[in-house]
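Each remark here refers to the structure printed beneath this line.
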There are 2 protein chains.
Amino acid sequence: MKNLLAAIAVLIVSSVTAAEGEVASAPVTIVIHGGAGALAPGRYTPAKEAEFIAKLNEALDAGYAILDEGGAALDAVEAAIVTMEDSPLFNSGKGAVFTREGKNELDASIMDGATLNAGAITGVTTVKNPIRLARAVMENSVHVMFAGDGADKFAEQQGLEIVDPEYFYTEHRWKSYEDALKREKEQKDSAINYDFKYGTVGAVALDAGGNLAAGTSTGGMTLKSFGRVGDTPIIGAGTFADNKSCAVSSTGHGEYFIRLTIARDICAQVEYAGKSVEDAANDVIHGRLETLGGGGGVIVLGADGAFAMVFNTPGMFRGVKSAGGVNTTAIYGD
Amino acid sequence: MKNLLAAIAVLIVSSVTAAEGEVASAPVTIVIHGGAGALAPGRYTPAKEAEFIAKLNEALDAGYAILDEGGAALDAVEAAIVTMEDSPLFNSGKGAVFTREGKNELDASIMDGATLNAGAITGVTTVKNPIRLARAVMENSVHVMFAGDGADKFAEQQGLEIVDPEYFYTEHRWKSYEDALKREKEQKDSAINYDFKYGTVGAVALDAGGNLAAGTSTGGMTLKSFGRVGDTPIIGAGTFADNKSCAVSSTGHGEYFIRLTIARDICAQVEYAGKSVEDAANDVIHGRLETLGGGGGVIVLGADGAFAMVFNTPGMFRGVKSAGGVNTTAIYGD
């Protein structure tokens, strides 16, 4: 196993006491990530760093504004993720990485902690905002998950915004694709050993009604094989939310996240072992995931507003905004 | 929620003590299912019942023979499932149900409790034994899950037996498909309300080395939408195995099984709450699943040989064979 620079960012929101005359409500909070990976200081120019931080803040603000007005956690999660999907900076929606065949195949999932309703899609090629499709599957179909053309077809029936596959193209990702192909040829590298492969985005939110929600969206891995499904659309791996325990969104080497059912395991440790979200996330990321040799990170939010952002990669794009007064974004490990 | 006839079949294998001079080993056990559903006494003729029971025994024997010779739990699981896939009696492989488009789309997954390695495929149309493909994905690819044409393509590369999609056709299932279409038209039934929809097959095994494995294979639901993914290929929903806790294979209304991460939840309750496999399975099937209004069942096997077969439908095709002396098969609830 590689010696990964361990980095933990865990903060606990102190519980918010309702002021006299105010209706008691949950401490509304949104936590987001834009992917974990080989993000060491110096990787980006200060100007590029500022661009990432500005977009993370935009996504946080989009979600938080909804919570602040008494809106639903699901709406906040969707709004934050759409902001990142629409940005070419992250590996989801516009700016997704390319598969081995030079295409963009998108995955997403969303889950409502109040009802345990969930929606997930994998291998979508024409839907501008995969997270909106995951939500449409959750709300408007009798199924939970659709794959491939069936998912694209459902999106059309639902009247979601359909784009030409060219829409997802960015010069930056195409260059990464060509570089990856070249490096693989020269060095016989395995396709999964490339530097920056974890650009998934995700959000978890707690609304004033005390409901949790989680969502995740990704373009997957550069050079991924045709039809490969990662953890992002797998309920219990990439995404999980249950008001009884917590909400989780994952980013990382998806195969390990599926095998460990990372999102469900964290919430199970909270639910059955009585752990804090911080302890549960540390056990899974720094314990189980590292034992198997995997890399990545999670954002976790409890029904009391306690949250954790834990990763075993050098960095993870991340941010939090809460009624408890937290308002931070970060890229690198502490 | 419908008043389902609750039926539980739970047996605990007494631990086997190695005789003097014998090498101490785990009490080898295999548990199988051939689907849960509207299986009330009188549904089948005695001759048809005998056919089902004979095939269940054949599957049990195929798996148990491997365990008895010191073979691996994974091999036993695969052998038992292949036997059921090759039989037109069950909704997997030959005899799979038809999708809305009148096609057969097959799903399967397998997991090794010793390593947490896993393989899963969904939407396969040309692979004779989907469980073998799931195992090939686990052992011979860097990925865990493949969907659609990508999965079929990988099967070809692996030299697995490829068949014409016609191979999966049976007159019986085609008639069910036509009946379902007709009933839907006449009664405006939802596609998911049909009588016998849960014909998935699965197996869990414990080998002499103390390793657990689990696997599941299905043709899904009659009239399922193009691209719909059920719980069978979802690690943590349809299949889960971890030597630390237990091995589970699920059958039922897949959407509920995904939302509840049924297989992982049972093993989490064993791992973190210290429950027996029986108590954990009862909590999930008779508690959580019924609360959401879902139907189905699970087979569960612990590392000590304790097992449970729990369902909230009128019946579940099932069987157990163990070194502890258990050798039973059943269809209806007790």
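Residues in the structure tokens are numbered from 1 in each chain, the chains being A, B, ... in the order shown, and ligands are numbered from 1 in the order shown.
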Find the spatial neighbours of region 95-104 of chain B, counting only C-alpha atoms, within a cut-off of 6 Å - ignore same-chain residues fewer than 6 positions away - and output them as a PyMOL selection string. chain B and resi 88+168+170+173+219+222-225
Using DSSP on the backbone coordinates, identify all residues within region 71-246 of chain B classified as helix (DSSP H, G or I); present the result as an NGL selection string. :B and (73-85 or 130-140 or 149-157 or 165-168 or 171-187 or 191-193)
Contacts of region 287-289 of chain B at 10 Å or less, counting only C-alpha atoms, minus same-chain residues fewer than 4 places along, as a PDB file with all heavy atoms, in the first residue's frame?
ATOM      1  N   HIS B 253     -38.666  -7.612  -3.927  1.00  0.00           N
ATOM      2  CA  HIS B 253     -38.936  -6.383  -4.660  1.00  0.00           C
ATOM      3  C   HIS B 253     -37.692  -5.493  -4.532  1.00  0.00           C
ATOM      4  O   HIS B 253     -37.525  -4.767  -3.556  1.00  0.00           O
ATOM      5  CB  HIS B 253     -40.170  -5.724  -4.055  1.00  0.00           C
ATOM      6  CG  HIS B 253     -40.696  -4.597  -4.879  1.00  0.00           C
ATOM      7  ND1 HIS B 253     -42.000  -4.207  -4.861  1.00  0.00           N
ATOM      8  CD2 HIS B 253     -40.080  -3.777  -5.767  1.00  0.00           C
ATOM      9  CE1 HIS B 253     -42.167  -3.187  -5.688  1.00  0.00           C
ATOM     10  NE2 HIS B 253     -41.027  -2.918  -6.240  1.00  0.00           N
ATOM     11  N   TYR B 256     -36.920  -1.862  -2.862  1.00  0.00           N
ATOM     12  CA  TYR B 256     -36.860  -1.742  -1.401  1.00  0.00           C
ATOM     13  C   TYR B 256     -35.543  -2.279  -0.851  1.00  0.00           C
ATOM     14  O   TYR B 256     -35.010  -1.764   0.132  1.00  0.00           O
ATOM     15  CB  TYR B 256     -38.030  -2.501  -0.758  1.00  0.00           C
ATOM     16  CG  TYR B 256     -39.379  -1.904  -1.090  1.00  0.00           C
ATOM     17  CD1 TYR B 256     -40.159  -2.408  -2.119  1.00  0.00           C
ATOM     18  CD2 TYR B 256     -39.857  -0.811  -0.381  1.00  0.00           C
ATOM     19  CE1 TYR B 256     -41.391  -1.858  -2.432  1.00  0.00           C
ATOM     20  CE2 TYR B 256     -41.089  -0.246  -0.679  1.00  0.00           C
ATOM     21  CZ  TYR B 256     -41.855  -0.773  -1.708  1.00  0.00           C
ATOM     22  OH  TYR B 256     -43.059  -0.215  -2.005  1.00  0.00           O
ATOM     23  N   PHE B 257     -35.050  -3.323  -1.495  1.00  0.00           N
ATOM     24  CA  PHE B 257     -33.806  -3.937  -1.022  1.00  0.00           C
ATOM     25  C   PHE B 257     -32.618  -2.999  -1.243  1.00  0.00           C
ATOM     26  O   PHE B 257     -31.677  -2.986  -0.448  1.00  0.00           O
ATOM     27  CB  PHE B 257     -33.594  -5.294  -1.706  1.00  0.00           C
ATOM     28  CG  PHE B 257     -34.432  -6.389  -1.102  1.00  0.00           C
ATOM     29  CD1 PHE B 257     -35.820  -6.373  -1.213  1.00  0.00           C
ATOM     30  CD2 PHE B 257     -33.846  -7.427  -0.391  1.00  0.00           C
ATOM     31  CE1 PHE B 257     -36.608  -7.372  -0.637  1.00  0.00           C
ATOM     32  CE2 PHE B 257     -34.616  -8.436   0.190  1.00  0.00           C
ATOM     33  CZ  PHE B 257     -35.998  -8.404   0.060  1.00  0.00           C
ATOM     34  N   ARG B 259     -32.883   0.438  -1.329  1.00  0.00           N
ATOM     35  CA  ARG B 259     -33.048   1.567  -0.403  1.00  0.00           C
ATOM     36  C   ARG B 259     -32.631   1.197   1.009  1.00  0.00           C
ATOM     37  O   ARG B 259     -32.091   2.025   1.744  1.00  0.00           O
ATOM     38  CB  ARG B 259     -34.510   2.042  -0.413  1.00  0.00           C
ATOM     39  CG  ARG B 259     -34.914   2.690  -1.742  1.00  0.00           C
ATOM     40  CD  ARG B 259     -36.427   2.775  -1.880  1.00  0.00           C
ATOM     41  NE  ARG B 259     -37.029   3.543  -0.794  1.00  0.00           N
ATOM     42  CZ  ARG B 259     -38.326   3.538  -0.502  1.00  0.00           C
ATOM     43  NH1 ARG B 259     -39.164   2.797  -1.220  1.00  0.00           N
ATOM     44  NH2 ARG B 259     -38.789   4.266   0.489  1.00  0.00           N
ATOM     45  N   LEU B 260     -32.903  -0.053   1.397  1.00  0.00           N
ATOM     46  CA  LEU B 260     -32.572  -0.490   2.758  1.00  0.00           C
ATOM     47  C   LEU B 260     -31.178  -1.118   2.840  1.00  0.00           C
ATOM     48  O   LEU B 260     -30.770  -1.542   3.918  1.00  0.00           O
ATOM     49  CB  LEU B 260     -33.625  -1.488   3.246  1.00  0.00           C
ATOM     50  CG  LEU B 260     -35.005  -0.894   3.539  1.00  0.00           C
ATOM     51  CD1 LEU B 260     -36.055  -1.995   3.677  1.00  0.00           C
ATOM     52  CD2 LEU B 260     -34.957  -0.045   4.825  1.00  0.00           C
ATOM     53  N   ILE B 262     -30.239  -4.014   2.195  1.00  0.00           N
ATOM     54  CA  ILE B 262     -30.658  -5.136   3.060  1.00  0.00           C
ATOM     55  C   ILE B 262     -29.509  -6.075   3.438  1.00  0.00           C
ATOM     56  O   ILE B 262     -29.356  -6.426   4.611  1.00  0.00           O
ATOM     57  CB  ILE B 262     -31.799  -5.914   2.375  1.00  0.00           C
ATOM     58  CG1 ILE B 262     -33.065  -5.048   2.380  1.00  0.00           C
ATOM     59  CG2 ILE B 262     -31.993  -7.297   3.018  1.00  0.00           C
ATOM     60  CD1 ILE B 262     -34.315  -5.628   2.946  1.00  0.00           C
ATOM     61  N   ALA B 280     -31.044 -10.449  13.232  1.00  0.00           N
ATOM     62  CA  ALA B 280     -30.764  -9.382  12.269  1.00  0.00           C
ATOM     63  C   ALA B 280     -31.664  -9.525  11.042  1.00  0.00           C
ATOM     64  O   ALA B 280     -32.239  -8.545  10.554  1.00  0.00           O
ATOM     65  CB  ALA B 280     -29.293  -9.416  11.857  1.00  0.00           C
ATOM     66  N   ALA B 281     -31.822 -10.757  10.556  1.00  0.00           N
ATOM     67  CA  ALA B 281     -32.670 -10.980   9.374  1.00  0.00           C
ATOM     68  C   ALA B 281     -34.128 -10.657   9.689  1.00  0.00           C
ATOM     69  O   ALA B 281     -34.834 -10.055   8.871  1.00  0.00           O
ATOM     70  CB  ALA B 281     -32.531 -12.419   8.891  1.00  0.00           C
ATOM     71  N   ASN B 282     -34.585 -11.036  10.876  1.00  0.00           N
ATOM     72  CA  ASN B 282     -35.964 -10.721  11.263  1.00  0.00           C
ATOM     73  C   ASN B 282     -36.197  -9.220  11.362  1.00  0.00           C
ATOM     74  O   ASN B 282     -37.221  -8.705  10.913  1.00  0.00           O
ATOM     75  CB  ASN B 282     -36.310 -11.379  12.607  1.00  0.00           C
ATOM     76  CG  ASN B 282     -36.700 -12.833  12.438  1.00  0.00           C
ATOM     77  OD1 ASN B 282     -37.353 -13.197  11.461  1.00  0.00           O
ATOM     78  ND2 ASN B 282     -36.278 -13.669  13.371  1.00  0.00           N
ATOM     79  N   ASP B 283     -35.235  -8.509  11.938  1.00  0.00           N
ATOM     80  CA  ASP B 283     -35.375  -7.060  12.061  1.00  0.00           C
ATOM     81  C   ASP B 283     -35.528  -6.418  10.683  1.00  0.00           C
ATOM     82  O   ASP B 283     -36.377  -5.556  10.473  1.00  0.00           O
ATOM     83  CB  ASP B 283     -34.151  -6.460  12.769  1.00  0.00           C
ATOM     84  CG  ASP B 283     -34.187  -4.941  12.789  1.00  0.00           C
ATOM     85  OD1 ASP B 283     -34.807  -4.384  13.713  1.00  0.00           O
ATOM     86  OD2 ASP B 283     -33.636  -4.302  11.854  1.00  0.00           O
ATOM     87  N   GLY B 293     -43.309  -1.327   3.171  1.00  0.00           N
ATOM     88  CA  GLY B 293     -44.305  -1.942   2.297  1.00  0.00           C
ATOM     89  C   GLY B 293     -43.730  -2.910   1.282  1.00  0.00           C
ATOM     90  O   GLY B 293     -44.397  -3.267   0.306  1.00  0.00           O
ATOM     91  N   GLY B 294     -42.492  -3.350   1.494  1.00  0.00           N
ATOM     92  CA  GLY B 294     -41.844  -4.238   0.531  1.00  0.00           C
ATOM     93  C   GLY B 294     -41.975  -5.707   0.896  1.00  0.00           C
ATOM     94  O   GLY B 294     -42.233  -6.056   2.048  1.00  0.00           O
ATOM     95  N   GLY B 295     -41.778  -6.576  -0.108  1.00  0.00           N
ATOM     96  CA  GLY B 295     -41.852  -8.015   0.120  1.00  0.00           C
ATOM     97  C   GLY B 295     -40.631  -8.725  -0.414  1.00  0.00           C
ATOM     98  O   GLY B 295     -40.015  -8.282  -1.386  1.00  0.00           O
ATOM     99  N   GLY B 296     -40.291  -9.854   0.239  1.00  0.00           N
ATOM    100  CA  GLY B 296     -39.164 -10.654  -0.232  1.00  0.00           C
ATOM    101  C   GLY B 296     -38.548 -11.438   0.897  1.00  0.00           C
ATOM    102  O   GLY B 296     -39.170 -11.625   1.951  1.00  0.00           O
ATOM    103  N   GLY B 297     -37.342 -11.918   0.669  1.00  0.00           N
ATOM    104  CA  GLY B 297     -36.687 -12.723   1.691  1.00  0.00           C
ATOM    105  C   GLY B 297     -35.178 -12.746   1.529  1.00  0.00           C
ATOM    106  O   GLY B 297     -34.640 -12.202   0.560  1.00  0.00           O
ATOM    107  N   ASN B 312     -41.125 -12.529   4.068  1.00  0.00           N
ATOM    108  CA  ASN B 312     -42.448 -12.048   4.479  1.00  0.00           C
ATOM    109  C   ASN B 312     -43.479 -12.275   3.383  1.00  0.00           C
ATOM    110  O   ASN B 312     -44.560 -11.697   3.414  1.00  0.00           O
ATOM    111  CB  ASN B 312     -42.391 -10.573   4.916  1.00  0.00           C
ATOM    112  CG  ASN B 312     -42.128  -9.623   3.767  1.00  0.00           C
ATOM    113  OD1 ASN B 312     -41.899 -10.050   2.643  1.00  0.00           O
ATOM    114  ND2 ASN B 312     -42.168  -8.332   4.042  1.00  0.00           N
TER     115      ASN B 312
END
Select residues of chain A: the criterion is any atom within 6 Å of an atom of chain B, counting only C-alpha atoms; output as a VMD selection string. chain A and resid 116 144 to 147 150 226 to 229 255 259 272 to 273
Region 23-174 of chain A: which residues are strand (DSSP E) by DSSP, as a PyMOL selection string? chain A and resi 29-37+106-112+118-124+145-147
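Restricting the calculation to only C-alpha atoms, the smallest distance between Asn211 (chain B) and any of B:Ile32, B:Ala72, B:Ala62, B:Leu56 is found for B:Ala72.
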Of the listed residues A:Thr291, A:Asn327, A:Thr200, A:Thr232, that which approaches Asn91 (chain A) most closely, counting only C-alpha atoms: A:Thr200
